[in-house]
$ cat model.csv   # CSV, C-alpha atoms
chain,number,residue,atom,x,y,z
T,994,MET,CA,0.0,0.0,0.0
T,995,ARG,CA,2.8,2.4,0.9
T,996,VAL,CA,4.5,1.8,-2.5
T,997,ARG,CA,1.3,2.5,-4.3
T,998,MET,CA,0.9,5.8,-2.4
T,999,LEU,CA,4.4,6.8,-3.3
T,1000,ILE,CA,3.8,6.0,-7.0
T,1001,LEU,CA,0.5,8.0,-6.9
T,1002,SER,CA,2.3,10.9,-5.3
T,1003,ALA,CA,5.0,10.8,-7.9
T,1004,MET,CA,2.4,10.7,-10.7
T,1005,ALA,CA,0.6,13.7,-9.1
T,1006,ALA,CA,3.9,15.7,-8.9
T,1007,LEU,CA,4.6,14.9,-12.6
T,1008,MET,CA,1.1,16.1,-13.6
T,1009,MET,CA,1.5,19.3,-11.6
T,1010,SER,CA,4.8,20.0,-13.2
T,1011,GLN,CA,3.2,19.5,-16.6
T,1012,THR,CA,0.4,21.8,-15.9
T,1013,ALA,CA,2.5,24.4,-14.1
T,1014,GLU,CA,3.2,26.0,-17.4
T,1015,ALA,CA,-0.4,25.5,-18.7
T,1016,GLY,CA,-0.9,29.3,-19.3
T,1017,PRO,CA,2.1,29.8,-21.5
T,1018,VAL,CA,1.8,26.6,-23.5
T,1019,ARG,CA,-1.9,27.1,-24.1
T,1020,GLU,CA,-1.0,30.6,-25.3
T,1021,VAL,CA,1.4,29.0,-27.9
T,1022,ALA,CA,-1.5,26.9,-29.2
T,1023,THR,CA,-3.7,30.1,-29.4
T,1024,LEU,CA,-1.0,32.0,-31.2
T,1025,THR,CA,-0.5,29.0,-33.6
T,1026,ASN,CA,-4.3,29.0,-34.3
T,1027,ASP,CA,-4.3,32.7,-34.9
T,1028,TYR,CA,-1.4,32.3,-37.4
T,1029,ARG,CA,-3.2,29.4,-39.1
T,1030,ALA,CA,-6.4,31.5,-39.3
T,1031,LYS,CA,-4.5,34.2,-41.2
T,1032,HIS,CA,-3.6,31.6,-43.8
T,1033,GLY,CA,-7.2,30.3,-44.1
T,1034,LEU,CA,-6.5,27.1,-42.1
T,1035,PRO,CA,-8.8,25.6,-39.4
T,1036,PRO,CA,-7.8,25.7,-35.7
T,1037,LEU,CA,-6.0,22.9,-34.0
T,1038,GLN,CA,-7.6,21.2,-31.0
T,1039,ILE,CA,-5.6,20.7,-27.8
T,1040,SER,CA,-4.6,17.0,-27.3
T,1041,THR,CA,-3.6,16.0,-23.8
T,1042,VAL,CA,-2.0,12.9,-25.4
T,1043,LEU,CA,0.2,15.0,-27.6
T,1044,GLU,CA,1.0,17.2,-24.6
T,1045,HIS,CA,2.3,14.1,-22.8
T,1046,VAL,CA,4.3,13.1,-25.9
T,1047,ALA,CA,5.9,16.6,-26.0
T,1048,TYR,CA,6.5,16.7,-22.3
T,1049,ALA,CA,8.3,13.3,-22.2
T,1050,HIS,CA,10.6,14.4,-25.0
T,1051,GLY,CA,11.4,17.7,-23.3
T,1052,GLU,CA,12.2,15.9,-20.1
T,1053,ASP,CA,14.4,13.4,-22.0
T,1054,MET,CA,16.4,16.3,-23.5
T,1055,ARG,CA,16.7,18.1,-20.1
T,1056,ARG,CA,17.6,14.9,-18.2
T,1057,TYR,CA,20.3,13.8,-20.7
T,1058,ARG,CA,21.4,17.3,-21.7
T,1059,PHE,CA,20.9,17.2,-25.5
T,1060,PHE,CA,18.7,19.1,-28.0
T,1061,SER,CA,17.4,17.0,-30.9
T,1062,HIS,CA,14.3,15.6,-32.6
T,1063,GLN,CA,15.8,12.2,-31.9
T,1064,GLY,CA,15.3,10.9,-28.4
T,1065,SER,CA,18.0,9.5,-26.2
T,1066,ASP,CA,16.8,6.0,-27.1
T,1067,GLY,CA,16.9,6.7,-30.8
T,1068,SER,CA,13.2,7.4,-31.1
T,1069,ASP,CA,11.5,9.9,-33.3
T,1070,VAL,CA,8.2,11.8,-32.7
T,1071,GLY,CA,6.2,9.0,-34.4
T,1072,ASP,CA,7.7,6.4,-32.1
T,1073,ARG,CA,7.0,8.5,-29.1
T,1074,ALA,CA,3.4,9.2,-30.2
T,1075,LEU,CA,2.7,5.5,-30.8
T,1076,ARG,CA,4.1,4.6,-27.3
T,1077,ARG,CA,1.4,6.9,-25.9
T,1078,GLY,CA,-1.3,5.2,-27.9
T,1079,TYR,CA,-1.7,8.0,-30.5
T,1080,GLN,CA,-2.5,6.2,-33.7
T,1081,PHE,CA,-1.6,8.9,-36.2
T,1082,CYS,CA,-1.9,9.4,-39.9
T,1083,VAL,CA,0.2,12.6,-39.7
T,1084,ILE,CA,2.7,13.6,-37.0
T,1085,ALA,CA,5.2,16.5,-36.7
T,1086,GLU,CA,7.3,18.1,-34.0
T,1087,ASN,CA,8.8,21.5,-33.4
T,1088,ILE,CA,11.4,22.0,-30.7
T,1089,ALA,CA,13.0,25.2,-29.5
T,1090,GLN,CA,15.2,26.3,-26.6
T,1091,GLY,CA,15.8,29.6,-24.9
T,1092,HIS,CA,12.8,31.5,-25.9
T,1093,ARG,CA,11.4,33.2,-22.8
T,1094,SER,CA,7.8,33.7,-23.9
T,1095,PRO,CA,5.0,32.1,-25.9
T,1096,ARG,CA,5.2,35.0,-28.4
T,1097,ALA,CA,9.0,34.6,-28.8
T,1098,VAL,CA,8.9,30.8,-29.4
T,1099,THR,CA,6.0,31.1,-31.8
T,1100,ARG,CA,7.8,33.9,-33.8
T,1101,GLY,CA,10.9,31.7,-33.8
T,1102,TRP,CA,9.0,28.8,-35.3
T,1103,ILE,CA,7.2,31.0,-37.8
T,1104,SER,CA,10.6,32.4,-38.9
T,1105,SER,CA,12.0,28.9,-39.6
T,1106,PRO,CA,10.8,27.4,-42.9
T,1107,GLY,CA,10.6,23.8,-41.7
T,1108,HIS,CA,8.8,24.7,-38.4
T,1109,ARG,CA,6.5,27.1,-40.2
T,1110,ALA,CA,5.6,24.3,-42.7
T,1111,ASN,CA,4.5,22.2,-39.7
T,1112,LEU,CA,2.4,25.1,-38.3
T,1113,LEU,CA,0.7,25.5,-41.6
T,1114,ASP,CA,0.2,21.8,-42.4
T,1115,TYR,CA,-3.5,21.5,-43.4
T,1116,SER,CA,-3.5,17.8,-42.6
T,1117,VAL,CA,-2.9,18.2,-38.8
T,1118,THR,CA,-5.8,18.7,-36.5
T,1119,GLU,CA,-4.4,18.5,-33.0
T,1120,ILE,CA,-1.6,20.1,-31.0
T,1121,GLY,CA,0.3,19.6,-27.8
T,1122,VAL,CA,2.8,22.0,-26.4
T,1123,THR,CA,5.1,21.9,-23.4
T,1124,ARG,CA,7.7,24.2,-21.9
T,1125,GLY,CA,10.3,22.7,-19.6
T,1126,ALA,CA,13.3,23.8,-17.5
T,1127,GLY,CA,15.8,25.9,-19.5
T,1128,ASN,CA,13.0,27.1,-21.7
T,1129,ILE,CA,12.9,23.9,-23.7
T,1130,TRP,CA,9.7,24.0,-25.8
T,1131,VAL,CA,8.3,21.0,-27.6
T,1132,MET,CA,5.2,21.2,-29.9
T,1133,VAL,CA,3.7,18.0,-31.4
T,1134,LEU,CA,1.1,18.3,-34.2
T,1135,GLY,CA,-0.9,15.4,-35.4
T,1136,ARG,CA,-4.0,13.8,-36.9
T,1137,ARG,CA,-5.4,10.6,-35.7
T,1138,CYS,CA,-6.3,7.9,-38.3

$ encode --input "model.csv" --output "C-alpha cells"
Amino acid sequence: MRVRMLILSAMAALMMSQTAEAGPVREVATLTNDYRAKHGLPPLQISTVLEHVAYAHGEDMRRYRFFSHQGSDGSDVGDRALRRGYQFCVIAENIAQGHRSPRAVTRGWISSPGHRANLLDYSVTEIGVTRGAGNIWVMVLGRRC
C-alpha cells in the first residue's frame, strides 16, 4: 500500500509540473491557431496525449542534456506518439530552446521554414505544447487515423 501511495504521489507531482506552465503553453496553441487562421486554415484542438508526448521528449532532452528531434533512445516523434497510444496518420514536431515567452517561441517557429511548414500543415488537426526547464519548448502536431 505504501509503495502504491508513493507511486501515486510521484504521478501527481509529474502532472503538476506539466500543468504548471499551462498558461504559456496554451498561449502558444492560441498563437498558432491565430497564425493558421491568417492563412485560411482551421484551428487545431488541444490534445492531452500530444502534450504528454511533447513533455516526455522535453524531459528526456533536459535529463540527458541534449537538443534534438531524436530521443536518447533513438526514437522519433512517431515512435513516441505510438508509445502513448496515439495512432496517427500525420505527426510532426517543433522544438526550441531559450525562448522566454510564448510569443517569442511562436515567432521563432514562424521564422523557420521547416517549423512554419508544420504550423501551416492543413492535414494536422491536434496540437500539444510543453515548456520545460531551461525554456525547452516542444510542440507536437498530429492527426489521428

$ residues_around --input "model.csv" --residues "Gln1063 of chain T" --least-positions-apart "4" --cutoff "12 Å" --atoms "only C-alpha atoms" --output "ChimeraX atom specification"
/T:1050-1051,1053-1054,1059,1067-1073,1086-1088

$ residues_around --input "model.csv" --residues "segment 1123-1128 of chain T" --least-positions-apart "3" --cutoff "7 Å" --atoms "only C-alpha atoms" --output "list in words"
Glu1014, Val1018, Glu1044, Ala1047, Tyr1048, Gly1051, Gln1090, Gly1091, His1092, Arg1093, Val1131 and Met1132 of chain T

$ closest_residue --input "model.csv" --among "T:Ile1039, T:Leu1075, T:Cys1138, T:Val1133" --to "Asn1111 of chain T" --atoms "only C-alpha atoms"
T:Val1133

$ atom_distance --input "model.csv" --atom1 "atom CA of Arg1019 of chain T" --atom2 "atom CA of Ser1040 of chain T"
10.9 Å

$ atom_distance --input "model.csv" --atom1 "atom CA of Pro1035 of chain T" --atom2 "atom CA of Val1117 of chain T"
9.5 Å

$ atom_distance --input "model.csv" --atom1 "atom CA of Ile1103 of chain T" --atom2 "atom CA of Thr1025 of chain T"
9.0 Å

$ closest_residue --input "model.csv" --among "T:Val1046, T:Val1122, T:Val1021, T:Ala1085" --to "Arg1100 of chain T" --atoms "only C-alpha atoms"
T:Val1021
